[in-house]
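Data file: run-v5.csv. Format and content: CSV, C-alpha atoms.
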chain,number,residue,atom,x,y,z
V,31,MET,CA,0.0,0.0,0.0
V,32,ASN,CA,1.1,3.6,-0.6
V,33,SER,CA,1.7,5.7,2.5
V,34,ASP,CA,0.1,9.0,2.8
V,35,GLY,CA,0.4,12.1,5.0
V,36,ASP,CA,-3.0,11.6,6.6
V,37,ASN,CA,-1.6,8.7,8.6
V,38,ALA,CA,1.6,10.5,9.7
V,39,ASP,CA,2.5,10.7,13.4
V,40,PRO,CA,5.3,13.3,13.7
V,41,THR,CA,5.2,13.1,17.5
V,42,LEU,CA,6.6,9.6,17.2
V,43,PHE,CA,9.9,11.1,16.3
V,44,SER,CA,9.8,14.6,17.7
V,45,GLU,CA,10.5,13.4,21.3
V,46,TYR,CA,13.8,11.8,20.3
V,47,PRO,CA,16.2,14.6,19.2
V,48,LEU,CA,19.2,12.7,20.6
V,49,LEU,CA,18.7,10.0,18.1
V,50,CYS,CA,19.1,12.6,15.3
V,51,ARG,CA,21.9,14.5,17.2
V,52,CYS,CA,20.3,17.9,16.4
V,53,ARG,CA,19.5,21.0,18.3
V,54,ARG,CA,15.9,20.8,17.1
V,55,PRO,CA,14.0,17.5,16.6
V,56,CYS,CA,14.8,15.8,13.3
V,57,GLU,CA,16.6,18.8,12.0
V,58,CYS,CA,19.4,16.7,10.5
V,59,ALA,CA,17.0,14.4,8.7
V,60,GLY,CA,15.3,17.5,7.3
V,61,GLN,CA,18.6,18.7,6.0
V,62,ALA,CA,19.4,15.3,4.6
V,63,GLY,CA,16.3,15.5,2.4
V,64,ARG,CA,17.7,18.6,0.7
V,65,GLY,CA,20.8,19.2,-1.2
V,66,ARG,CA,22.3,16.4,-3.3
V,67,ASP,CA,19.6,14.6,-5.3
V,68,THR,CA,18.9,11.0,-4.2
V,69,GLY,CA,18.2,10.0,-7.7
V,70,THR,CA,14.7,8.7,-6.7
V,71,THR,CA,12.0,9.6,-4.3
V,72,THR,CA,10.4,6.1,-4.3
V,73,VAL,CA,11.2,3.2,-2.0
V,74,ARG,CA,9.4,-0.1,-1.7
V,75,LEU,CA,9.6,-1.9,1.6
V,76,VAL,CA,8.2,-5.2,2.7
V,77,ASN,CA,5.1,-5.8,4.8
V,78,ASP,CA,5.2,-9.4,5.8
V,79,GLY,CA,2.7,-9.2,8.7
V,80,SER,CA,5.4,-9.8,11.4
V,81,ILE,CA,6.0,-7.5,14.3
V,82,CYS,CA,9.8,-7.8,13.8
V,83,ILE,CA,9.7,-5.4,10.9
V,84,ALA,CA,8.4,-2.6,13.1
V,85,PRO,CA,11.5,-0.5,12.4
V,86,LEU,CA,10.5,-0.3,8.7
V,87,PHE,CA,7.1,1.2,9.7
V,88,ALA,CA,8.6,3.4,12.3
V,89,ALA,CA,11.0,4.7,9.7
V,90,GLU,CA,8.2,6.1,7.5
V,91,GLU,CA,8.3,9.8,8.6
V,92,LEU,CA,12.1,9.7,8.8
V,93,LEU,CA,12.1,8.5,5.2
V,94,ARG,CA,9.9,11.5,4.3
V,95,ALA,CA,12.4,13.8,6.0
V,96,GLU,CA,15.1,12.2,4.0
V,97,GLY,CA,13.4,13.2,0.8
V,98,PHE,CA,11.2,10.2,-0.1
V,99,ALA,CA,7.7,11.1,-1.3
V,100,ASP,CA,6.5,7.7,-2.5
V,101,ILE,CA,7.0,5.1,0.4
V,102,ARG,CA,5.3,1.8,-0.4
V,103,PHE,CA,4.8,-1.2,2.0
V,104,VAL,CA,4.2,-4.1,-0.2
V,105,PRO,CA,2.5,-7.1,1.3
V,106,ILE,CA,4.6,-10.2,0.7
V,107,PRO,CA,4.9,-13.4,2.9
V,108,ALA,CA,8.0,-13.6,5.1
V,109,ASP,CA,9.3,-16.7,3.3
V,110,ARG,CA,9.2,-14.9,-0.1
V,111,GLN,CA,10.2,-11.4,0.6
V,112,VAL,CA,13.9,-11.7,-0.3
V,113,LYS,CA,13.0,-13.5,-3.5
V,114,ALA,CA,10.8,-10.5,-4.2
V,115,VAL,CA,13.8,-8.2,-3.8
V,116,ALA,CA,15.8,-10.4,-6.2
V,117,ASP,CA,12.9,-10.3,-8.7
V,118,GLY,CA,12.6,-6.5,-8.6
V,119,LYS,CA,9.3,-6.4,-6.8
V,120,LEU,CA,10.8,-4.9,-3.6
V,121,ASP,CA,13.8,-2.6,-3.0
V,122,PHE,CA,14.5,-3.7,0.6
V,123,ALA,CA,13.4,-6.5,2.9
V,124,LEU,CA,14.5,-8.3,6.0
V,125,SER,CA,16.0,-11.8,6.1
V,126,LEU,CA,17.7,-14.3,8.3
V,127,LEU,CA,18.8,-17.2,6.0
V,128,GLU,CA,16.9,-16.7,2.8
V,129,ALA,CA,19.3,-14.0,1.6
V,130,ILE,CA,22.3,-16.3,2.0
V,131,SER,CA,20.5,-19.0,0.0
V,132,LEU,CA,19.7,-16.7,-2.8
V,133,ILE,CA,23.2,-15.1,-2.8
V,134,ASP,CA,24.5,-18.7,-3.2
V,135,THR,CA,22.5,-19.0,-6.4
V,136,GLY,CA,23.8,-15.7,-7.8
V,137,ALA,CA,20.8,-13.4,-6.9
V,138,ALA,CA,21.5,-9.7,-7.4
V,139,ILE,CA,20.9,-8.7,-3.8
V,140,ALA,CA,23.2,-7.5,-0.9
V,141,VAL,CA,23.0,-7.6,2.8
V,142,LEU,CA,23.5,-4.1,4.1
V,143,ALA,CA,23.1,-4.2,7.9
V,144,GLY,CA,21.8,-6.2,10.9
V,145,LEU,CA,18.9,-4.8,12.8
V,146,HIS,CA,18.5,-6.9,15.9
V,147,VAL,CA,18.9,-10.4,17.4
V,148,GLY,CA,16.5,-12.7,19.1
V,149,CYS,CA,12.9,-12.9,17.7
V,150,ILE,CA,12.6,-16.6,17.0
V,151,GLU,CA,11.6,-19.2,19.6
V,152,LEU,CA,11.2,-22.9,19.5
V,153,PHE,CA,8.2,-24.2,21.5
V,154,ALA,CA,7.8,-27.8,22.5
V,155,GLN,CA,5.2,-29.8,24.4
V,156,GLU,CA,5.9,-31.0,28.0
V,157,GLY,CA,8.3,-33.9,28.1
V,158,ILE,CA,10.5,-32.6,25.3
V,159,GLY,CA,13.6,-31.0,26.9
V,160,GLY,CA,15.7,-30.1,23.9
V,161,ILE,CA,16.2,-30.2,20.1
V,162,SER,CA,17.9,-33.6,20.3
V,163,GLU,CA,14.6,-35.0,21.5
V,164,LEU,CA,12.8,-33.9,18.3
V,165,LYS,CA,13.8,-37.0,16.5
V,166,GLY,CA,10.7,-38.6,15.0
V,167,LYS,CA,8.6,-35.7,16.2
V,168,ARG,CA,6.1,-33.5,14.3
V,169,VAL,CA,7.4,-29.9,14.1
V,170,GLY,CA,5.3,-27.0,12.7
V,171,LEU,CA,6.0,-23.6,11.4
V,172,GLN,CA,4.2,-20.8,9.5
V,173,LYS,CA,6.2,-17.6,9.4
V,174,ALA,CA,9.6,-18.8,10.5
V,175,GLU,CA,12.3,-20.0,8.0
V,176,PRO,CA,12.6,-23.8,8.1
V,177,ASP,CA,16.4,-23.5,7.4
V,178,LEU,CA,17.0,-22.2,10.9
V,179,LEU,CA,15.5,-25.3,12.6
V,180,THR,CA,17.5,-27.3,10.1
V,181,LEU,CA,20.7,-25.7,11.4
V,182,MET,CA,19.6,-26.1,15.0
V,183,ALA,CA,18.9,-29.8,14.5
V,184,ALA,CA,22.1,-30.4,12.6
V,185,GLN,CA,24.1,-28.8,15.5
V,186,VAL,CA,22.9,-31.7,17.8
V,187,GLY,CA,23.5,-34.5,15.2
V,188,LEU,CA,20.0,-34.9,13.7
V,189,ASP,CA,19.3,-35.2,10.0
V,190,PRO,CA,16.4,-32.7,9.7
V,191,ARG,CA,15.2,-34.2,6.4
V,192,LYS,CA,14.8,-37.7,7.9
V,193,ASP,CA,14.5,-37.2,11.6
V,194,ILE,CA,11.8,-34.5,11.7
V,195,LYS,CA,8.3,-34.7,10.4
V,196,TRP,CA,7.6,-31.2,9.1
V,197,ILE,CA,4.1,-29.6,9.4
V,198,THR,CA,4.2,-26.5,7.2
V,199,ASP,CA,1.0,-26.5,5.1
V,200,PRO,CA,-0.8,-23.3,6.0
V,201,ALA,CA,-4.1,-25.0,5.5
V,202,ALA,CA,-3.2,-27.4,8.4
V,203,LYS,CA,-2.8,-24.4,10.7
V,204,PRO,CA,0.4,-25.6,12.4
V,205,LEU,CA,0.2,-23.1,15.2
V,206,ASP,CA,-3.3,-24.2,16.2
V,207,LEU,CA,-2.3,-27.8,16.0
V,208,PHE,CA,0.5,-27.1,18.4
V,209,ALA,CA,-1.7,-25.1,20.8
V,210,GLU,CA,-4.2,-28.0,20.8
V,211,GLY,CA,-1.4,-30.5,21.6
V,212,LYS,CA,-1.7,-32.3,18.3
V,213,ILE,CA,1.9,-31.8,17.2
V,214,ASP,CA,5.1,-31.8,19.2
V,215,ALA,CA,6.9,-28.5,18.5
V,216,PHE,CA,6.5,-25.2,16.8
V,217,LEU,CA,9.1,-22.7,15.5
V,218,GLY,CA,7.6,-19.3,16.2
V,219,PHE,CA,8.2,-15.9,14.7
V,220,PRO,CA,6.4,-12.8,16.1
V,221,PRO,CA,3.6,-12.5,16.8
V,222,GLU,CA,3.4,-16.3,17.0
V,223,PRO,CA,5.4,-16.7,20.2
V,224,GLN,CA,3.2,-14.0,21.9
V,225,GLU,CA,0.1,-15.8,20.8
V,226,LEU,CA,1.3,-19.2,22.1
V,227,ARG,CA,2.2,-17.6,25.5
V,228,ALA,CA,-1.3,-16.1,25.6
V,229,ARG,CA,-2.8,-19.5,25.0
V,230,HIS,CA,-0.5,-21.1,27.6
V,231,ALA,CA,0.7,-23.5,24.9
V,232,GLY,CA,3.9,-25.5,25.4
V,233,ARG,CA,7.2,-24.0,26.6
V,234,VAL,CA,10.2,-22.5,25.0
V,235,ILE,CA,13.2,-24.9,24.6
V,236,VAL,CA,15.3,-22.5,22.4
V,237,SER,CA,15.3,-18.8,22.2
V,238,SER,CA,17.4,-17.0,19.7
V,239,ALA,CA,17.6,-14.0,22.1
V,240,THR,CA,19.2,-15.9,25.0
V,241,ASP,CA,20.6,-19.3,23.8
V,242,ARG,CA,24.0,-19.6,22.3
V,243,PRO,CA,25.2,-19.6,19.6
V,244,TRP,CA,22.1,-18.1,18.1
V,245,SER,CA,21.9,-15.2,20.5
V,246,GLN,CA,25.4,-14.0,19.4
V,247,TYR,CA,24.4,-13.2,15.9
V,248,PHE,CA,21.8,-11.0,14.1
V,249,CYS,CA,18.4,-12.4,13.5
V,250,CYS,CA,17.0,-9.9,11.1
V,251,GLN,CA,19.2,-8.4,8.4
V,252,LEU,CA,18.4,-5.6,5.9
V,253,VAL,CA,18.7,-6.8,2.3
V,254,GLY,CA,18.6,-4.5,-0.7
V,255,SER,CA,18.3,-4.9,-4.5
V,256,ARG,CA,21.7,-4.6,-6.2
V,257,ASP,CA,20.0,-2.6,-9.0
V,258,TYR,CA,18.6,-0.1,-6.5
V,259,ILE,CA,21.9,0.1,-4.6
V,260,ASP,CA,24.0,0.7,-7.7
V,261,ARG,CA,21.6,3.1,-9.4
V,262,TYR,CA,20.7,5.1,-6.2
V,263,PRO,CA,23.6,4.9,-3.7
V,264,VAL,CA,22.6,8.2,-2.1
V,265,ALA,CA,19.0,7.0,-1.6
V,266,THR,CA,20.3,3.7,-0.3
V,267,LYS,CA,22.3,5.4,2.4
V,268,ARG,CA,19.3,7.6,3.4
V,269,VAL,CA,17.0,4.5,3.5
V,270,LEU,CA,19.4,2.8,5.8
V,271,ARG,CA,19.9,5.9,8.0
V,272,ALA,CA,16.1,6.2,8.5
V,273,ILE,CA,15.7,2.5,9.4
V,274,LEU,CA,18.6,2.5,11.8
V,275,LYS,CA,17.2,5.6,13.6
V,276,ALA,CA,13.8,4.0,13.7
V,277,THR,CA,15.4,0.9,15.2
V,278,ASP,CA,16.7,3.1,18.0
V,279,ILE,CA,13.2,4.5,18.4
V,280,CYS,CA,11.9,1.0,18.8
V,281,ALA,CA,14.3,0.4,21.6
V,282,ALA,CA,13.6,3.8,23.2
V,283,ASP,CA,9.8,3.8,23.2
V,284,PRO,CA,8.2,0.3,22.6
V,285,PRO,CA,4.7,1.4,23.7
V,286,ARG,CA,4.5,4.2,21.1
V,287,VAL,CA,5.9,2.1,18.3
V,288,ALA,CA,3.6,-0.8,19.2
V,289,ARG,CA,0.6,1.5,19.0
V,290,ARG,CA,1.7,2.7,15.5
V,291,THR,CA,2.1,-0.9,14.3
V,292,VAL,CA,-1.5,-1.6,15.4
V,293,ASP,CA,-2.8,1.6,13.9
V,294,ARG,CA,-1.2,0.8,10.6
V,295,GLY,CA,-2.6,-2.7,10.5
V,296,LEU,CA,0.7,-4.5,11.0
V,297,THR,CA,-0.8,-6.6,13.8
V,298,PRO,CA,-4.3,-6.5,15.4
V,299,ARG,CA,-3.1,-7.1,19.0
V,300,TYR,CA,-1.4,-4.2,20.8
V,301,GLU,CA,-0.3,-6.4,23.7
V,302,PHE,CA,1.5,-8.8,21.3
V,303,ALA,CA,3.3,-5.9,19.6
V,304,LEU,CA,4.3,-4.3,22.9
V,305,GLN,CA,5.7,-7.6,24.2
V,306,THR,CA,7.7,-8.2,21.1
V,307,LEU,CA,9.1,-4.6,21.0
V,308,SER,CA,10.0,-4.8,24.7
V,309,ASP,CA,11.7,-8.2,24.4
V,310,VAL,CA,13.6,-7.8,21.1
V,311,PRO,CA,17.0,-6.1,21.7
V,312,TYR,CA,16.8,-3.4,19.0
V,313,LYS,CA,19.9,-1.6,20.3
V,314,SER,CA,22.0,-4.5,19.1
V,315,TRP,CA,22.6,-3.1,15.7
V,316,ARG,CA,25.4,-1.0,17.2
V,317,ASP,CA,27.1,-3.8,19.1
V,318,TYR,CA,27.0,-6.9,16.9
V,319,ASN,CA,29.1,-7.5,13.8
V,320,ILE,CA,26.9,-8.2,10.7
V,321,GLU,CA,29.8,-9.7,8.7
V,322,ASP,CA,30.4,-12.3,11.6
V,323,THR,CA,26.7,-13.1,11.3
V,324,VAL,CA,26.8,-13.8,7.6
V,325,ARG,CA,30.0,-15.8,8.0
V,326,PHE,CA,28.5,-17.9,10.9
V,327,TYR,CA,25.3,-18.8,9.1
V,328,ALA,CA,26.9,-19.3,5.7
V,329,LEU,CA,29.4,-21.8,7.3
V,330,ARG,CA,26.6,-23.7,9.1
V,331,MET,CA,24.4,-23.7,6.0
V,332,ARG,CA,27.3,-25.1,3.9
V,333,GLU,CA,27.9,-27.8,6.5
V,334,ALA,CA,24.2,-28.7,6.4
V,335,GLY,CA,24.2,-28.9,2.6
V,336,LEU,CA,21.9,-26.0,2.2
V,337,ILE,CA,24.4,-23.9,0.1
V,338,LYS,CA,27.5,-24.7,-2.0
V,339,SER,CA,29.5,-21.5,-1.6
V,340,ALA,CA,32.1,-20.8,1.0
V,341,PRO,CA,31.3,-18.1,3.6
V,342,GLN,CA,33.9,-15.7,2.1
V,343,LYS,CA,32.4,-16.0,-1.3
V,344,ILE,CA,29.0,-15.2,0.1
V,345,ILE,CA,30.4,-12.1,1.8
V,346,ALA,CA,32.3,-11.0,-1.2
V,347,GLN,CA,29.4,-11.4,-3.6
V,348,GLY,CA,26.4,-10.6,-1.4
V,349,THR,CA,27.2,-7.9,1.1
V,350,ASP,CA,27.9,-4.2,1.0
V,351,TRP,CA,29.1,-2.5,4.2
V,352,ARG,CA,29.9,1.0,2.8
V,353,PHE,CA,26.7,2.6,4.0
V,354,LEU,CA,26.7,1.0,7.4
V,355,ASP,CA,30.3,1.9,8.1
V,356,GLU,CA,29.6,5.6,7.3
V,357,LEU,CA,26.4,5.7,9.3
V,358,LYS,CA,28.0,4.1,12.3
V,359,ARG,CA,30.4,7.0,12.4
V,360,GLU,CA,27.6,9.6,11.8
V,361,LEU,CA,25.2,8.2,14.3
V,362,LYS,CA,27.7,7.3,17.0
V,363,ALA,CA,26.2,8.2,20.4

What would the structure in this file look like if it were written as structure tokens?
Amino acid sequence: MNSDGDNADPTLFSEYPLLCRCRRPCECAGQAGRGRDTGTTTVRLVNDGSICIAPLFAAEELLRAEGFADIRFVPIPADRQVKAVADGKLDFALSLLEAISLIDTGAAIAVLAGLHVGCIELFAQEGIGGISELKGKRVGLQKAEPDLLTLMAAQVGLDPRKDIKWITDPAAKPLDLFAEGKIDAFLGFPPEPQELRARHAGRVIVSSATDRPWSQYFCCQLVGSRDYIDRYPVATKRVLRAILKATDICAADPPRVARRTVDRGLTPRYEFALQTLSDVPYKSWRDYNIEDTVRFYALRMREAGLIKSAPQKIIAQGTDWRFLDELKRELKA
């Protein structure tokens, strides 16, 4: 859908002048929107229905201040959003492992930055104490990427293709099956973990926010179209600047951003949005190393037979840290 000024909420940003490092709220973003031409005033961002992408929605007014007039949130399922970037249907999306898989096949995309860690949780029924006990069990997922559970299972010696019975057909409603005790485990992606907790279903046996090694690496990474990045480098930097500032806002004021995500139709449940925004460590984009994340996951994916390329080839062909390196210096607290 196209954004419009009638839905704007400038107060969402005006209370955070320190995030912009200006004497007056958002003065620097306003200046950024003037001067050198960005080459385009249009940007297409994903709307996959997950709460994790709240920084993209929170960035809307910052993007306007950066000079963007046509800001589109395109509804695309989480498991197809990076393919949509590669196919030219989106300019930017978020990804964990899908981007690495597509880079391995030569897709014209690039990982630009990491936004946060820790939004994925593996739930299991009582009596299942860890991933190694999932052998022969039925595991469901809806929004989460199956490759992550594949890596988790491989880490403990399971063959995910043979040892796990996957329940992934949306028509089967895997989340409901788990909540009703009809399958053994469920890999949740917000707002799914929040719904399962509200329904008192199962218990968490792995959290990517707290359990190593997953908690040491980014969960959501910003991925851009190579065509957009190459044609509009100034615009790309401004998009990333707006999203990183919005990520800081998510960390600074979860209630306000949660209300915005509900008002914009990202999720119907305010309490689920607030819980996610309060739990996810959005400040981590400053502290974690995105290249280490790509290297870690590329290595594990290659070991599991999910990709053929070595980690260094993935990094060389499918990443671009120029904009992040510049913005880390500019936005340094």

Exercise. Can you work out which one of V:Leu152, V:Ile130, V:Ala184, V:Leu124 has the shortest atom-to-atom distance to Gly232 (chain V), counting only C-alpha atoms?
Key: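 Of V:Leu152, V:Ile130, V:Ala184, V:Leu124, the one nearest Gly232 (chain V) is V:Leu152, counting only C-alpha atoms.
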
Quiz item: Which protein, DNA or RNA residues are at most 12 Å from (7.5, -5.4, 26.7) in the file's coordinates when you count only C-alpha atoms, listed as a list in words?
Solution: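 The residues near that point, listed by chain and number, are Gln224, Cys280, Ala281, Ala282, Asp283, Pro284, Pro285, Arg286, Val287, Ala288, Tyr300, Glu301, Phe302, Ala303, Leu304, Gln305, Thr306, Leu307, Ser308, Asp309, Val310 and Pro311 of chain V.
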
So that I have them on file, write out the residues from the current selection with C-alpha atoms, as a PDB file, in the frame of the given file.
ATOM      1  CA  GLN V 224       3.200 -14.000  21.900  1.00  0.00           C
ATOM      2  CA  CYS V 280      11.900   1.000  18.800  1.00  0.00           C
ATOM      3  CA  ALA V 281      14.300   0.400  21.600  1.00  0.00           C
ATOM      4  CA  ALA V 282      13.600   3.800  23.200  1.00  0.00           C
ATOM      5  CA  ASP V 283       9.800   3.800  23.200  1.00  0.00           C
ATOM      6  CA  PRO V 284       8.200   0.300  22.600  1.00  0.00           C
ATOM      7  CA  PRO V 285       4.700   1.400  23.700  1.00  0.00           C
ATOM      8  CA  ARG V 286       4.500   4.200  21.100  1.00  0.00           C
ATOM      9  CA  VAL V 287       5.900   2.100  18.300  1.00  0.00           C
ATOM     10  CA  ALA V 288       3.600  -0.800  19.200  1.00  0.00           C
ATOM     11  CA  TYR V 300      -1.400  -4.200  20.800  1.00  0.00           C
ATOM     12  CA  GLU V 301      -0.300  -6.400  23.700  1.00  0.00           C
ATOM     13  CA  PHE V 302       1.500  -8.800  21.300  1.00  0.00           C
ATOM     14  CA  ALA V 303       3.300  -5.900  19.600  1.00  0.00           C
ATOM     15  CA  LEU V 304       4.300  -4.300  22.900  1.00  0.00           C
ATOM     16  CA  GLN V 305       5.700  -7.600  24.200  1.00  0.00           C
ATOM     17  CA  THR V 306       7.700  -8.200  21.100  1.00  0.00           C
ATOM     18  CA  LEU V 307       9.100  -4.600  21.000  1.00  0.00           C
ATOM     19  CA  SER V 308      10.000  -4.800  24.700  1.00  0.00           C
ATOM     20  CA  ASP V 309      11.700  -8.200  24.400  1.00  0.00           C
ATOM     21  CA  VAL V 310      13.600  -7.800  21.100  1.00  0.00           C
ATOM     22  CA  PRO V 311      17.000  -6.100  21.700  1.00  0.00           C
TER      23      PRO V 311
END

Quiz item: Between V:Asp121, V:Glu210, V:Asp134, V:Asp257, which has the minimum distance to Gln347 (chain V) (counting all atoms listed in the file)?
Solution: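 Counting all atoms listed in the file, the residue closest to Gln347 (chain V) is V:Asp134.
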
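Atom pair CA of Gly187 (chain V) / CA of Ala108 (chain V): separated by 27.9 Å.
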
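Taking only C-alpha atoms into account, Ile344 (chain V) lies nearest to V:Gly136 out of the set V:Gly136, V:Gly160, V:Pro176, V:Gly69.
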
Quiz prompt | region 264-273 of chain V environment, 10 Å, all atoms listed in the file, sequence neighbours closer than 3 positions dropped, as a PyMOL selection string | solution = chain V and resi 50+59+62-63+66-73+75+84-98+121-122+142-143+145+252+254-255+258-261+276-279+352-354+356-358+360-361

Self-check item: Given all atoms listed in the file as the counted atoms, nearest of V:Arg289, V:Lys173, V:Lys167, V:Lys212 to Lys192 (chain V)
Solution: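 Looking at the shortest contact to Lys192 (chain V), the residue is V:Lys167.
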
Exercise. Take CA of Ile133 (chain V) and CA of Trp196 (chain V) and report the distance between them in Å, one decimal.
Key: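 CA of Trp196 (chain V) lies at a distance of 25.4 Å from CA of Ile133 (chain V).
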